[in-house]
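Text of coords16.txt, listed as compact mmCIF, C-alpha atoms:
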# COMPACT_ATOMS: atom_id res chain seq x y z
CA MET A 1 12.02 19.92 -6.39
CA LYS A 2 13.11 16.85 -8.36
CA TYR A 3 16.58 15.78 -9.39
CA GLN A 4 18.15 13.41 -11.88
CA GLU A 5 21.21 11.73 -10.42
CA GLU A 6 23.63 8.91 -11.05
CA CYS A 7 23.21 7.17 -7.71
CA GLU A 8 25.62 4.62 -6.32
CA LEU A 9 24.15 1.30 -5.21
CA LEU A 10 25.37 0.89 -1.63
CA GLU A 11 23.49 -2.20 -0.49
CA LYS A 12 21.56 -4.96 -2.24
CA SER A 13 19.61 -7.77 -0.62
CA ALA A 14 17.33 -10.46 -1.98
CA LEU A 15 14.20 -10.91 0.12
CA LYS A 16 11.97 -13.62 -1.38
CA ASN A 17 9.98 -14.37 -4.52
CA ASP A 18 12.32 -12.30 -6.70
CA ILE A 19 11.94 -9.27 -4.43
CA PHE A 20 15.02 -7.07 -4.01
CA LYS A 21 15.87 -4.22 -1.68
CA PHE A 22 18.32 -1.57 -2.92
CA LYS A 23 19.94 1.20 -0.90
CA ILE A 24 21.28 4.07 -2.96
CA LYS A 25 23.39 7.12 -2.18
CA THR A 26 21.48 10.27 -3.13
CA GLU A 27 21.72 13.25 -0.83
CA LYS A 28 19.64 15.58 -3.00
CA ILE A 29 16.69 13.23 -3.56
CA ALA A 30 16.72 12.06 0.05
CA LYS A 31 16.60 15.65 1.31
CA GLU A 32 13.46 16.42 -0.70
CA ALA A 33 11.63 13.08 -0.48
CA LYS A 34 8.37 12.59 1.44
CA ALA A 35 6.46 9.51 2.53
CA GLY A 36 4.42 8.23 -0.40
CA GLN A 37 6.57 9.55 -3.24
CA PHE A 38 8.28 7.45 -5.90
CA LEU A 39 11.31 7.30 -8.18
CA GLU A 40 11.63 6.84 -11.93
CA ILE A 41 14.57 4.53 -12.56
CA ARG A 42 16.43 4.05 -15.83
CA VAL A 43 17.33 0.38 -15.93
CA SER A 44 19.35 0.51 -19.15
CA LYS A 45 20.72 2.98 -21.68
CA GLU A 46 21.87 0.42 -24.22
CA VAL A 47 18.98 -2.05 -24.65
CA GLU A 48 15.23 -2.05 -24.31
CA PRO A 49 13.26 -1.17 -22.28
CA PHE A 50 14.13 2.50 -22.60
CA LEU A 51 11.27 3.81 -20.45
CA ARG A 52 12.07 4.32 -16.80
CA ARG A 53 10.50 2.11 -14.16
CA PRO A 54 8.42 3.76 -11.40
CA ILE A 55 9.27 2.35 -7.98
CA SER A 56 7.97 3.59 -4.64
CA ILE A 57 10.29 4.89 -1.96
CA TYR A 58 10.56 2.44 0.92
CA SER A 59 12.73 4.34 3.39
CA ILE A 60 14.39 7.76 3.53
CA GLU A 61 17.62 8.41 5.39
CA LYS A 62 19.85 11.49 5.63
CA ASP A 63 21.67 10.91 2.36
CA CYS A 64 20.27 7.58 1.18
CA ILE A 65 17.04 6.07 -0.06
CA GLU A 66 15.88 2.47 -0.02
CA PHE A 67 13.46 1.05 -2.55
CA ILE A 68 12.06 -2.46 -2.96
CA PHE A 69 10.87 -4.04 -6.17
CA GLN A 70 9.76 -7.39 -7.51
CA VAL A 71 11.07 -8.78 -10.78
CA LYS A 72 8.07 -8.85 -13.09
CA GLY A 73 9.47 -8.15 -16.55
CA LYS A 74 12.53 -7.35 -18.58
CA GLY A 75 13.11 -3.95 -17.00
CA THR A 76 13.07 -5.11 -13.40
CA GLU A 77 15.08 -8.18 -14.39
CA ILE A 78 17.84 -5.90 -15.69
CA LEU A 79 17.61 -3.76 -12.55
CA ALA A 80 17.95 -6.82 -10.32
CA GLN A 81 21.30 -7.61 -11.97
CA LYS A 82 22.89 -4.37 -10.73
CA GLN A 83 25.77 -4.86 -8.32
CA ILE A 84 27.01 -2.89 -5.32
CA GLY A 85 29.05 0.05 -6.58
CA ASP A 86 27.09 0.37 -9.83
CA LYS A 87 25.56 3.73 -10.71
CA ILE A 88 21.83 3.91 -11.38
CA ASN A 89 20.22 6.89 -13.10
CA ILE A 90 17.30 8.00 -10.95
CA LEU A 91 14.77 10.81 -11.31
CA GLY A 92 12.99 11.92 -8.16
CA PRO A 93 11.39 12.42 -5.82
CA LEU A 94 8.17 12.36 -7.85
CA GLY A 95 4.52 12.73 -6.91
CA ASN A 96 2.67 15.58 -5.23
CA GLY A 97 0.21 13.44 -3.30
CA THR A 98 1.88 12.21 -0.11
CA PHE A 99 0.80 10.72 3.20
CA ASN A 100 -0.37 13.31 5.71
CA ILE A 101 2.10 12.94 8.56
CA LYS A 102 0.98 14.71 11.73
CA GLU A 103 -0.19 13.86 15.24
CA TYR A 104 -3.17 11.51 15.54
CA ASN A 105 -4.68 9.41 18.29
CA THR A 106 -4.74 6.23 16.17
CA VAL A 107 -3.60 5.49 12.64
CA ALA A 108 -4.49 2.32 10.73
CA ILE A 109 -1.85 1.25 8.22
CA ILE A 110 -3.09 -1.42 5.82
CA GLY A 111 -1.18 -2.99 2.94
CA GLY A 112 -1.41 -5.96 0.66
CA GLY A 113 1.43 -7.87 -1.02
CA ILE A 114 4.11 -5.65 -2.50
CA GLY A 115 1.82 -2.73 -1.69
CA ILE A 116 3.21 -2.73 1.83
CA PHE A 117 6.47 -1.11 0.71
CA PRO A 118 5.23 2.48 0.09
CA LEU A 119 3.77 2.47 3.63
CA TYR A 120 6.96 1.90 5.57
CA GLU A 121 8.30 5.45 5.51
CA ALA A 122 4.89 6.72 6.64
CA VAL A 123 5.04 4.36 9.63
CA LYS A 124 8.57 5.57 10.41
CA GLN A 125 7.48 9.19 10.43
CA LEU A 126 4.30 8.53 12.42
CA LYS A 127 6.17 6.72 15.20
CA GLY A 128 5.80 8.83 18.34
CA LYS A 129 3.01 10.91 16.80
CA ALA A 130 0.22 8.32 17.02
CA LYS A 131 -0.79 4.84 18.05
CA ILE A 132 -0.06 2.76 14.96
CA ASN A 133 -2.12 -0.34 14.16
CA THR A 134 -0.73 -2.12 11.12
CA TYR A 135 -2.50 -4.77 9.05
CA LEU A 136 -0.54 -6.53 6.30
CA GLY A 137 -2.11 -9.09 4.01
CA PHE A 138 -0.36 -11.69 1.83
CA ARG A 139 -1.34 -14.56 -0.44
CA ASN A 140 0.38 -17.19 1.71
CA LYS A 141 3.38 -17.78 3.98
CA GLU A 142 5.84 -17.72 1.07
CA TYR A 143 4.96 -14.11 0.29
CA VAL A 144 5.23 -12.66 3.81
CA THR A 145 8.03 -10.11 3.91
CA ASN A 146 9.33 -7.20 6.03
CA GLU A 147 7.35 -8.35 9.05
CA GLN A 148 10.03 -7.47 11.59
CA GLU A 149 10.55 -3.96 10.20
CA PHE A 150 6.87 -3.08 10.60
CA LYS A 151 6.63 -4.85 13.97
CA GLU A 152 9.38 -2.68 15.46
CA LEU A 153 7.48 0.51 14.63
CA SER A 154 3.86 -0.54 15.14
CA ASP A 155 1.91 -0.64 18.39
CA LYS A 156 -0.02 -3.56 16.93
CA LEU A 157 0.82 -5.67 13.89
CA ILE A 158 -1.53 -8.21 12.36
CA ILE A 159 -0.33 -10.39 9.50
CA THR A 160 -2.95 -12.18 7.43
CA THR A 161 -2.72 -14.78 4.68
CA ASP A 162 -5.47 -15.79 2.32
CA ASP A 163 -5.00 -19.48 3.10
CA GLY A 164 -4.11 -19.20 6.79
CA SER A 165 -0.60 -20.59 6.26
CA TYR A 166 0.85 -17.77 8.39
CA GLY A 167 -0.63 -15.34 10.88
CA GLU A 168 -4.40 -14.89 10.75
CA LYS A 169 -6.49 -16.45 8.01
CA GLY A 170 -8.44 -13.97 5.93
CA PHE A 171 -8.04 -10.48 4.56
CA ALA A 172 -6.34 -7.58 6.31
CA ILE A 173 -9.44 -5.40 6.06
CA ASP A 174 -11.47 -7.94 8.06
CA PHE A 175 -9.22 -7.33 11.07
CA LEU A 176 -9.19 -3.58 10.57
CA LYS A 177 -13.00 -3.61 10.76
CA LYS A 178 -12.92 -5.56 14.04
CA ASP A 179 -10.49 -3.18 15.70
CA GLU A 180 -10.78 0.29 17.19
CA LYS A 181 -11.86 3.04 14.84
CA PRO A 182 -8.82 5.04 13.72
CA ASP A 183 -8.55 8.74 12.99
CA ILE A 184 -7.12 7.98 9.56
CA ILE A 185 -6.42 4.97 7.33
CA MET A 186 -3.35 4.86 5.10
CA ALA A 187 -3.43 2.08 2.52
CA CYS A 188 -1.67 0.60 -0.48
CA GLY A 189 -2.18 -2.69 -2.26
CA PRO A 190 -4.20 -4.49 -4.94
CA MET A 191 -7.13 -2.59 -6.38
CA PRO A 192 -9.84 -4.91 -4.95
CA MET A 193 -8.42 -4.28 -1.48
CA LEU A 194 -8.31 -0.52 -2.00
CA LYS A 195 -11.91 -0.50 -3.24
CA ALA A 196 -13.01 -2.34 -0.10
CA ILE A 197 -11.05 0.03 2.14
CA LYS A 198 -12.45 3.09 0.38
CA LYS A 199 -16.01 1.76 0.80
CA TYR A 200 -15.49 0.96 4.48
CA ALA A 201 -13.81 4.29 5.26
CA GLU A 202 -16.52 6.33 3.61
CA GLU A 203 -19.32 4.33 5.27
CA GLU A 204 -17.69 4.84 8.67
CA LYS A 205 -16.70 8.45 7.90
CA ILE A 206 -13.01 7.75 8.48
CA ILE A 207 -10.41 9.89 6.71
CA CYS A 208 -8.59 7.61 4.29
CA GLN A 209 -5.54 7.99 2.06
CA ILE A 210 -4.79 5.41 -0.60
CA SER A 211 -1.61 5.02 -2.64
CA LEU A 212 -2.42 3.96 -6.19
CA GLU A 213 -0.09 1.81 -8.25
CA GLU A 214 -1.22 2.69 -11.76
CA ARG A 215 1.28 2.17 -14.58
CA MET A 216 3.34 5.37 -14.77
CA GLY A 217 5.31 5.45 -18.00
CA CYS A 218 6.94 8.86 -17.72
CA GLY A 219 6.25 9.93 -14.15
CA LEU A 220 5.71 13.51 -15.25
CA GLY A 221 2.13 13.55 -16.54
CA ALA A 222 3.05 13.62 -20.23
CA CYS A 223 2.16 10.09 -21.36
CA LEU A 224 -1.33 10.04 -19.78
CA GLY A 225 -0.95 6.34 -19.02
CA CYS A 226 -1.83 6.62 -15.32
CA ALA A 227 -5.13 8.50 -15.44
CA VAL A 228 -7.84 7.71 -12.89
CA ARG A 229 -11.26 9.28 -12.71
CA LYS A 230 -11.94 12.07 -10.27
CA ALA A 231 -14.76 11.57 -7.81
CA GLY A 232 -17.99 12.94 -9.23
CA SER A 233 -16.84 12.49 -12.79
CA THR A 234 -19.49 11.19 -15.21
CA ASP A 235 -19.44 9.50 -18.59
CA ASP A 236 -20.91 12.67 -20.08
CA ASN A 237 -18.39 14.87 -18.33
CA PRO A 238 -15.31 12.79 -17.55
CA ASP A 239 -12.46 14.27 -15.56
CA TYR A 240 -9.22 12.62 -14.54
CA TRP A 241 -6.26 12.79 -12.20
CA HIS A 242 -2.81 11.76 -13.33
CA VAL A 243 -1.54 9.45 -10.61
CA CYS A 244 2.09 10.44 -11.17
CA LYS A 245 1.41 14.16 -10.69
CA ALA A 246 -1.63 14.48 -8.43
CA GLY A 247 -0.81 11.27 -6.55
CA PRO A 248 0.26 8.61 -6.05
CA VAL A 249 -1.43 9.18 -2.67
CA PHE A 250 -5.03 10.41 -2.79
CA TYR A 251 -7.76 10.96 -0.26
CA SER A 252 -10.23 8.20 -1.04
CA THR A 253 -13.10 10.66 -1.46
CA ASN A 254 -11.28 12.35 -4.35
CA VAL A 255 -11.01 9.36 -6.71
CA GLU A 256 -13.22 6.75 -8.32
CA ILE A 257 -11.65 3.31 -8.27

Structure rendered as structure tokens:
Amino acid sequence: MKYQEECELLEKSALKNDIFKFKIKTEKIAKEAKAGQFLEIRVSKEVEPFLRRPISIYSIEKDCIEFIFQVKGKGTEILAQKQIGDKINILGPLGNGTFNIKEYNTVAIIGGGIGIFPLYEAVKQLKGKAKINTYLGFRNKEYVTNEQEFKELSDKLIITTDDGSYGEKGFAIDFLKKDEKPDIIMACGPMPMLKAIKKYAEEEKIICQISLEERMGCGLGACLGCAVRKAGSTDDNPDYWHVCKAGPVFYSTNVEI
């Protein structure tokens, strides 16, 4: 079930590189939300942009939700100007594809850049149900964020940077490949990273879930802006998933990316 609520902004913190964390009061949405879902946020009623902004859920609490976003355009710039006590119109929780939270021997969590944020609630819920090996990749030291939060919940945490300015030099997937074979991989990040993870998982016959970050204009499957091809689809007989409805989390074998 989804709700539209005027949610009070309880906490606001600036992380780095124009990245903000918001904590909102929303008992109804929090009660229904699952790891991997997202929110559609109205940033303004008076001026453009009028379309809501899709933002992944970072953390779910009893009557609150946290989300993290990076200022990348006019809409997120307006959102970043909200102050504690302001009301924000939010539609959610959205998305039918969620991370499969159950007991495993070992889970590999792998994220890149701002793609790490949709993974945090999954790690929270997996704690105590599995050994959690987490691999987070960033461009350089200036972009590393939320390290401590993931460290507290993970049995192993490896931070990588492309240039070696922090943690290990290289890509997160390189260290996943060197490590023990997990029962399942849960991933979110840039498309080149997800393609590499999908290829590796299918070659090694590892169950893999990927969270896609396609542009979701409406969040309800009406605008068709977030379509991705289904696995097995051909040019002669194309078939598509809508990320906002069928996803945003998919088993890697079900999509072509």

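Taking all atoms listed in the file into account, Ile101 (chain A) lies nearest to A:Ala35 out of the set A:Ala80, A:Ile116, A:Ala35, A:Met191.
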
Out of A:Ile257, A:Ile173, A:Ile158, A:Ala246, which residue has the shortest atom-to-atom distance to Lys195 (chain A) when counting all atoms listed in the file?
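Result for the nearest residue to Lys195 (chain A): A:Ile257.
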
Which distance in Å separates CA of Ile60 (chain A) and CA of Glu121 (chain A), to one decimal?
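Those two atoms sit 6.8 Å apart.
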
Quote the spacing between CA of Asn146 (chain A) and CA of Tyr251 (chain A) in Å to one decimal place.
25.7 Å

Test item: residues at most 6 Å from region 229-231 of chain A, all atoms listed in the file, excluding those fewer than 6 positions along its chain, as a PyMOL selection string:
chain A and resi 239-240+254-256

Any idea what's packed within 10 Å of Glu180 (chain A), counting all atoms listed in the file, ignoring anything in its chain fewer than 4 positions away? Could you give it as a PDB file with C-alpha atoms, keeping the file's coordinate frame?
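Final output, saved to around-v5.pdb:
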ATOM      1  CA  THR A 106      -4.740   6.230  16.170  1.00  0.00           C
ATOM      2  CA  VAL A 107      -3.600   5.490  12.640  1.00  0.00           C
ATOM      3  CA  ALA A 108      -4.490   2.320  10.730  1.00  0.00           C
ATOM      4  CA  ASN A 133      -2.120  -0.340  14.160  1.00  0.00           C
ATOM      5  CA  PHE A 175      -9.220  -7.330  11.070  1.00  0.00           C
ATOM      6  CA  LEU A 176      -9.190  -3.580  10.570  1.00  0.00           C
TER       7      LEU A 176
END

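Candidate residues A:Gln125, A:Ser233, A:Thr161, A:Ser44 were compared for distance to Gly75 (chain A), and the nearest is A:Ser44, using all atoms listed in the file.
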